[in-house]
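Listing of input07.cif; format and content: mmCIF, C-alpha atoms.
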```cif
data_target
#
loop_
_atom_site.label_atom_id
_atom_site.label_comp_id
_atom_site.auth_asym_id
_atom_site.auth_seq_id
_atom_site.Cartn_x
_atom_site.Cartn_y
_atom_site.Cartn_z
CA GLU A 1 97.83 107.69 1.75
CA PRO A 2 96.30 106.66 -1.61
CA PHE A 3 94.72 109.39 -3.63
CA THR A 4 91.04 110.23 -3.89
CA PRO A 5 89.64 111.75 -7.08
CA GLU A 6 89.32 115.08 -5.27
CA ALA A 7 92.92 115.15 -4.02
CA ALA A 8 94.96 118.15 -5.16
CA GLU A 9 98.52 117.06 -4.35
CA HIS A 10 100.12 113.70 -4.99
CA SER A 11 103.44 112.00 -4.31
CA VAL A 12 105.53 110.47 -7.08
CA LEU A 13 106.77 106.90 -6.99
CA PRO A 14 110.26 106.56 -8.49
CA GLY A 15 110.62 104.09 -11.35
CA SER A 16 111.70 100.64 -10.14
CA GLU A 17 110.90 97.07 -10.98
CA ALA A 18 107.64 95.51 -9.88
CA GLY A 19 107.20 92.43 -7.76
CA GLY A 20 107.11 89.19 -9.73
CA THR A 21 104.01 87.92 -11.48
CA SER A 22 102.53 84.51 -10.95
CA GLY A 23 104.23 82.38 -13.57
CA GLN A 24 107.38 82.35 -15.67
CA GLY A 25 105.36 81.70 -18.82
CA VAL A 26 103.51 85.01 -18.67
CA GLN A 27 106.77 86.94 -18.32
CA GLU A 28 108.28 85.13 -21.31
CA LEU A 29 105.15 85.66 -23.38
CA THR A 30 105.06 89.39 -22.72
CA SER A 31 108.79 90.04 -23.09
CA TYR A 32 108.63 90.57 -26.84
CA CYS A 33 105.90 93.18 -26.95
CA GLY A 34 106.14 94.93 -23.55
CA GLN A 35 108.52 97.80 -24.22
CA SER A 36 107.56 98.43 -27.85
CA GLN A 37 103.91 98.66 -26.84
CA GLN A 38 104.66 101.29 -24.25
CA GLU A 39 106.58 103.31 -26.84
CA GLU A 40 103.55 103.21 -29.12
CA PHE A 41 100.70 104.07 -26.80
CA SER A 42 102.12 104.18 -23.23
CA LEU A 43 100.06 106.60 -21.20
CA ARG A 44 99.29 109.22 -23.77
CA MET A 45 95.76 108.11 -22.88
CA VAL A 46 96.16 108.55 -19.11
CA GLY A 47 97.58 111.84 -17.83
CA TYR A 48 100.52 111.60 -15.44
CA GLU A 49 99.29 112.23 -11.87
CA VAL A 50 95.83 113.16 -13.16
CA PRO A 51 93.10 110.75 -11.96
CA CYS A 52 90.91 109.36 -14.71
CA GLU A 53 88.24 106.70 -15.10
CA VAL A 54 89.37 103.31 -16.38
CA TYR A 55 88.39 99.70 -16.20
CA VAL A 56 90.72 96.72 -15.93
CA SER A 57 90.32 94.76 -19.16
CA ALA A 58 92.73 91.88 -18.43
CA LEU A 59 95.05 90.83 -15.62
CA CYS A 60 97.66 88.31 -14.59
CA SER A 61 98.41 89.71 -11.13
CA PRO A 62 98.59 93.02 -9.25
CA GLY A 63 102.00 93.41 -10.86
CA GLN A 64 100.75 92.95 -14.41
CA PHE A 65 97.37 94.04 -15.70
CA TRP A 66 95.85 96.12 -18.49
CA VAL A 67 93.42 99.02 -18.38
CA GLN A 68 91.30 100.90 -20.88
CA LYS A 69 90.52 104.57 -20.38
CA ILE A 70 86.81 105.33 -20.37
CA GLY A 71 85.85 108.03 -22.85
CA PRO A 72 85.22 108.69 -26.54
CA MET A 73 87.75 106.05 -27.60
CA SER A 74 85.64 103.40 -25.85
CA VAL A 75 82.86 104.13 -28.34
CA ASP A 76 85.37 104.15 -31.20
CA LEU A 77 86.65 100.73 -30.14
CA ASP A 78 83.14 99.28 -29.96
CA GLN A 79 82.48 100.55 -33.47
CA LEU A 80 85.79 99.14 -34.71
CA VAL A 81 84.99 95.68 -33.31
CA GLN A 82 81.58 95.78 -34.99
CA GLN A 83 83.11 96.77 -38.33
CA MET A 84 85.83 94.11 -38.12
CA THR A 85 83.34 91.43 -37.12
CA LYS A 86 81.03 92.26 -40.01
CA TYR A 87 83.94 92.19 -42.47
CA TYR A 88 85.83 89.09 -41.28
CA SER A 89 82.67 87.03 -40.70
CA GLU A 90 82.25 86.81 -44.46
CA GLU A 91 83.88 83.68 -45.86
CA ALA A 92 85.09 85.47 -49.00
CA ASN A 93 86.97 88.04 -46.89
CA GLN A 94 88.49 85.30 -44.74
CA LYS A 95 89.85 83.60 -47.84
CA CYS A 96 91.16 86.92 -49.18
CA HIS A 97 93.03 87.70 -45.94
CA ALA A 98 94.21 84.19 -45.01
CA MET A 99 97.84 84.22 -43.87
CA THR A 100 100.41 81.98 -45.52
CA SER A 101 103.35 83.41 -43.56
CA VAL A 102 103.58 85.13 -40.17
CA GLU A 103 106.30 87.14 -38.45
CA LEU A 104 106.73 88.27 -34.86
CA GLY A 105 105.06 91.61 -34.35
CA ASP A 106 102.47 91.20 -37.09
CA ILE A 107 99.13 92.84 -36.24
CA ILE A 108 96.33 90.50 -37.26
CA ALA A 109 92.59 89.96 -36.88
CA CYS A 110 91.13 87.00 -35.01
CA ARG A 111 88.42 85.90 -32.63
CA PHE A 112 88.96 85.56 -28.88
CA GLY A 113 87.95 82.29 -27.26
CA THR A 114 84.44 81.28 -28.22
CA GLU A 115 83.32 84.85 -28.97
CA GLY A 116 82.00 85.56 -32.43
CA SER A 117 83.55 89.02 -32.64
CA PHE A 118 86.89 89.79 -34.29
CA PHE A 119 89.62 91.80 -32.56
CA ARG A 120 93.09 93.20 -33.27
CA ALA A 121 96.03 91.21 -31.95
CA ARG A 122 99.82 91.15 -32.16
CA VAL A 123 101.78 87.96 -32.87
CA VAL A 124 104.20 87.46 -29.95
CA GLU A 125 105.37 83.88 -30.44
CA LEU A 126 105.57 81.37 -33.29
CA LYS A 127 105.00 77.66 -32.64
CA ALA A 128 106.07 74.93 -35.03
CA SER A 129 104.50 71.49 -35.48
CA CYS A 130 106.41 68.19 -35.46
CA ASP A 131 107.53 68.69 -39.07
CA ASP A 132 108.85 72.19 -38.22
CA SER A 133 106.08 73.90 -40.19
CA LEU A 134 104.34 76.86 -38.57
CA SER A 135 101.09 75.60 -37.05
CA SER A 136 100.06 78.10 -34.38
CA VAL A 137 100.92 81.46 -32.84
CA ASP A 138 100.54 83.15 -29.47
CA VAL A 139 98.79 86.50 -29.86
CA HIS A 140 98.27 89.48 -27.57
CA PHE A 141 94.98 91.34 -27.96
CA VAL A 142 96.24 94.91 -28.16
CA ASP A 143 92.96 96.58 -27.19
CA TYR A 144 92.23 94.40 -24.16
CA GLY A 145 95.44 92.75 -22.92
CA ASP A 146 94.52 89.07 -23.12
CA TYR A 147 96.75 86.39 -24.64
CA GLU A 148 95.67 83.32 -26.56
CA LEU A 149 97.09 80.52 -28.69
CA LYS A 150 95.60 80.53 -32.19
CA SER A 151 95.91 78.20 -35.14
CA ILE A 152 97.46 79.79 -38.22
CA LYS A 153 94.11 79.12 -39.92
CA GLU A 154 92.29 81.28 -37.35
CA ILE A 155 94.17 84.53 -37.98
CA TYR A 156 93.81 86.99 -40.85
CA LYS A 157 95.68 89.93 -42.33
CA LEU A 158 94.46 93.21 -40.89
CA ARG A 159 93.19 95.81 -43.31
CA ALA A 160 94.90 99.21 -43.03
CA GLU A 161 91.62 100.96 -42.23
CA PHE A 162 91.37 98.94 -39.02
CA MET A 163 94.70 100.32 -37.77
CA LYS A 164 93.63 103.96 -37.48
CA LEU A 165 92.52 103.74 -33.84
CA LYS A 166 95.37 103.68 -31.31
CA PHE A 167 95.75 100.45 -29.37
CA GLN A 168 93.62 100.77 -26.26
CA ALA A 169 95.08 98.34 -23.70
CA ILE A 170 97.64 99.91 -21.36
CA ARG A 171 99.83 97.57 -19.34
CA CYS A 172 100.24 98.66 -15.70
CA SER A 173 101.51 97.59 -12.26
CA LEU A 174 99.71 98.42 -9.03
CA ALA A 175 101.68 101.08 -7.12
CA HIS A 176 102.94 100.47 -3.57
CA MET A 177 102.45 96.72 -3.81
CA ARG A 178 104.71 93.69 -3.32
CA PRO A 179 103.71 90.06 -2.70
CA GLU A 180 103.19 89.32 1.01
CA THR A 181 105.81 86.55 0.86
CA GLY A 182 108.35 85.60 -1.78
CA ALA A 183 108.84 87.16 -5.20
CA ASP A 184 105.73 85.90 -7.01
CA TRP A 185 102.11 86.80 -6.52
CA SER A 186 100.04 84.05 -4.89
CA GLU A 187 96.91 82.64 -6.47
CA ASP A 188 94.89 84.13 -3.60
CA ALA A 189 96.32 87.60 -4.30
CA CYS A 190 95.50 87.35 -8.01
CA ASP A 191 91.98 86.09 -7.29
CA LYS A 192 91.35 88.87 -4.78
CA PHE A 193 92.68 91.50 -7.16
CA GLU A 194 90.46 90.16 -9.95
CA MET A 195 87.43 90.37 -7.67
CA LEU A 196 88.26 93.93 -6.58
CA THR A 197 88.79 95.19 -10.12
CA GLY A 198 85.64 93.54 -11.48
CA CYS A 199 87.69 92.60 -14.52
CA ASP A 200 84.93 90.39 -15.92
CA ARG A 201 82.22 93.02 -15.33
CA GLY A 202 83.72 96.22 -16.76
CA LYS A 203 83.76 97.82 -13.31
CA VAL A 204 84.85 101.48 -13.32
CA ALA A 205 87.79 102.62 -11.16
CA TRP A 206 89.80 105.79 -10.72
CA ALA A 207 93.43 105.47 -11.84
CA ARG A 208 96.42 107.73 -11.32
CA VAL A 209 99.93 107.23 -12.72
CA VAL A 210 102.57 107.84 -10.05
CA GLY A 211 105.74 106.65 -11.77
CA TYR A 212 107.28 104.34 -14.35
CA GLN A 213 109.39 101.22 -14.26
CA ALA A 214 112.63 101.14 -16.23
CA SER A 215 110.77 99.16 -18.92
CA GLY A 216 108.26 101.98 -19.32
CA VAL A 217 105.38 100.15 -17.61
CA PRO A 218 103.53 102.67 -15.42
CA TRP A 219 102.87 102.33 -11.71
CA VAL A 220 99.24 103.23 -11.05
CA GLU A 221 97.06 103.68 -8.01
CA LEU A 222 93.53 102.30 -8.35
CA VAL A 223 90.57 103.47 -6.30
CA ASP A 224 87.06 102.04 -6.43
CA SER A 225 84.72 104.58 -8.04
CA GLY A 226 81.90 103.78 -5.60
CA ARG A 227 80.87 105.86 -2.61
CA ARG A 228 83.53 104.33 -0.33
CA GLN A 229 86.36 105.06 -2.81
CA THR A 230 88.32 102.05 -1.55
CA SER A 231 92.02 101.83 -2.38
CA LEU A 232 92.57 98.48 -4.07
CA ALA A 233 96.15 98.37 -2.81
CA GLN A 234 95.10 98.96 0.80
CA GLU A 235 92.42 96.31 0.49
CA LEU A 236 94.99 93.74 -0.68
CA VAL A 237 97.10 94.60 2.37
CA ARG A 238 94.07 94.39 4.67
CA VAL A 239 93.24 90.83 3.59
CA GLY A 240 96.87 89.74 3.97
CA VAL A 241 97.87 88.97 0.38
CA ALA A 242 100.21 91.94 -0.24
CA ARG A 243 102.51 94.28 1.64
CA TRP A 244 102.71 98.04 1.32
CA VAL A 245 105.87 99.71 0.02
CA GLU A 246 106.28 103.33 1.09
CA ILE A 247 106.82 105.97 -1.55
CA GLU A 248 110.18 107.72 -1.46
CA LYS A 249 109.81 111.49 -1.24
#
```

Kindly transcribe the structure held in the file into structure tokens.
Amino acid sequence: EPFTPEAAEHSVLPGSEAGGTSGQGVQELTSYCGQSQQEEFSLRMVGYEVPCEVYVSALCSPGQFWVQKIGPMSVDLDQLVQQMTKYYSEEANQKCHAMTSVELGDIIACRFGTEGSFFRARVVELKASCDDSLSSVDVHFVDYGDYELKSIKEIYKLRAEFMKLKFQAIRCSLAHMRPETGADWSEDACDKFEMLTGCDRGKVAWARVVGYQASGVPWVELVDSGRRQTSLAQELVRVGVARWVEIEK
């Protein structure tokens, strides 16, 4: 049975590999930064087997998503984004921190999508133009989990003072879950999971770490924080988009 926030005893899921995600590209894009990220900030923010409040900040599938722990660091992150946005919105500062060369793993500042705010991101892939010059980069937003392709002109060197706060996005896999059929998660499963997590609404859930994959990515159980305390894993099984994998004792 999935945990409830009041539960006193919990089982432990042994570390094993998760079911596939929906799309080879996502796996390739995350391969560079996955393990090193976990070494940096893993689940020092989420206690092993201790339920805590989180929200899902980005997702690809039930097998690959990112959470932020709700607490004092949430306020610190909001303040950091405000400070970065104020600083990098000034044209003089953009010119001062423009990047003429980029390497894999660089932590930079940039906007996300059409948002006006600036965020921290890690360079995970370099893309050359037809003349072999560097024209764009794929970046991973280390406090949220999203990925985006950015022009080299849209990214800026990150000031040291903006690196003091630990990266807030924690990559996870949903415990007990495998795709209903095949190795990859279906579009229906990903859509249902996105709806359950309220990823675009900052919906609060209870999370508990029950084990780790060999790569260091944690298996977590997620339970809706509402009165029903619905297990997201059980709900995916109920609607027929996932199958339950029993925990070995």

Target residues per the PyMOL selection byres ((chain A and resi 193) around 8), formatted as a list in words: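 Here the PyMOL selection byres ((chain A and resi 193) around 8) matches Ser61, Pro62, Ala189, Cys190, Asp191, Lys192, Glu194, Met195, Leu196, Thr197, Leu232 and Leu236 of chain A.
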
Output check: residues returned by the PyMOL selection byres ((chain A and resi 214-221) around 6), as a tab-separated table (two decimals) with C-alpha atoms, in the coordinates of the input:
```
chain	number	residue	atom	x	y	z
A	35	GLN	CA	108.52	97.80	-24.22
A	172	CYS	CA	100.24	98.66	-15.70
A	173	SER	CA	101.51	97.59	-12.26
A	174	LEU	CA	99.71	98.42	-9.03
A	175	ALA	CA	101.68	101.08	-7.12
A	207	ALA	CA	93.43	105.47	-11.84
A	208	ARG	CA	96.42	107.73	-11.32
A	209	VAL	CA	99.93	107.23	-12.72
A	210	VAL	CA	102.57	107.84	-10.05
A	211	GLY	CA	105.74	106.65	-11.77
A	212	TYR	CA	107.28	104.34	-14.35
A	213	GLN	CA	109.39	101.22	-14.26
A	222	LEU	CA	93.53	102.30	-8.35
```

For the file shown, what are the residues hit by the PyMOL selection byres ((chain A and resi 87-91) around 10), laid out as an mmCIF file with C-alpha atoms, in the coordinates of the input?
```
data_model
loop_
_atom_site.group_PDB
_atom_site.id
_atom_site.type_symbol
_atom_site.label_atom_id
_atom_site.label_comp_id
_atom_site.auth_asym_id
_atom_site.auth_seq_id
_atom_site.Cartn_x
_atom_site.Cartn_y
_atom_site.Cartn_z
ATOM 1 C CA VAL A 81 84.990 95.680 -33.310
ATOM 2 C CA GLN A 82 81.580 95.780 -34.990
ATOM 3 C CA GLN A 83 83.110 96.770 -38.330
ATOM 4 C CA MET A 84 85.830 94.110 -38.120
ATOM 5 C CA THR A 85 83.340 91.430 -37.120
ATOM 6 C CA LYS A 86 81.030 92.260 -40.010
ATOM 7 C CA ALA A 92 85.090 85.470 -49.000
ATOM 8 C CA ASN A 93 86.970 88.040 -46.890
ATOM 9 C CA GLN A 94 88.490 85.300 -44.740
ATOM 10 C CA LYS A 95 89.850 83.600 -47.840
ATOM 11 C CA CYS A 96 91.160 86.920 -49.180
ATOM 12 C CA HIS A 97 93.030 87.700 -45.940
ATOM 13 C CA ALA A 109 92.590 89.960 -36.880
ATOM 14 C CA CYS A 110 91.130 87.000 -35.010
ATOM 15 C CA ARG A 111 88.420 85.900 -32.630
ATOM 16 C CA GLY A 116 82.000 85.560 -32.430
ATOM 17 C CA SER A 117 83.550 89.020 -32.640
ATOM 18 C CA PHE A 118 86.890 89.790 -34.290
ATOM 19 C CA PHE A 119 89.620 91.800 -32.560
ATOM 20 C CA TYR A 156 93.810 86.990 -40.850
ATOM 21 C CA LYS A 157 95.680 89.930 -42.330
ATOM 22 C CA LEU A 158 94.460 93.210 -40.890
ATOM 23 C CA ARG A 159 93.190 95.810 -43.310
#
```

Find the distance between CA of Pro72 (chain A) and CA of Cys199 (chain A) and write it in Å to one decimal.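 Distance between the two atoms: 20.2 Å.
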
Nearest to Ala205 (chain A) by atom-to-atom distance, counting all atoms listed in the file, from A:Met163, A:Asp188, A:Asp224, A:Ser57: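 Comparing A:Met163, A:Asp188, A:Asp224, A:Ser57 against Ala205 (chain A), the winner is A:Asp224.
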
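The shell of residues at most 8 Å from Leu77 (chain A), with only C-alpha atoms counted and near chain neighbours (fewer than 3 positions) removed, consists of Met73, Ser74, Leu80, Val81, Leu165 and Gln168 of chain A.
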
Option closest in space to Ala58 (chain A), from A:Asp200, A:Glu148, A:Asp138, A:Glu161 [counting all atoms listed in the file]: A:Asp200

With only C-alpha atoms as the atoms that count, which of A:Glu180, A:Glu187, A:Glu53, A:Glu103 lies nearest to Gly240 (chain A)? A:Glu180

Would you kindly return, as a list in words, each protein, DNA or RNA residue with an atom no farther than 10 Å from any atom of Lys150 (chain A), considering only C-alpha atoms and excluding same-chain residues fewer than 5 positions away? Cys110, Arg111, Phe112, Gly113, Val123, Lys127, Ser135, Ser136, Val137, Asp138, Val139 and Ile155 of chain A

May I ask which of the residues A:Gln64, A:Thr114, A:Ser225, A:Ser151 is the closest one to Ala128 (chain A), counting only C-alpha atoms?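 Of A:Gln64, A:Thr114, A:Ser225, A:Ser151, the one nearest Ala128 (chain A) is A:Ser151, counting only C-alpha atoms.
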
Here is a test: counting all atoms listed in the file, which residue of A:Arg178, A:Gly198, A:Val204, A:Ala183 is nearest to Val237 (chain A)?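 The shortest atom-to-atom distance to Val237 (chain A) comes from A:Arg178.
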
In Å, with one decimal, what is the gap from CA of Gln68 (chain A) to CA of Ile170 (chain A)? 6.4 Å

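CA of Ile70 (chain A) to CA of Gln229 (chain A) spans 17.6 Å [interatomic distance, one decimal].
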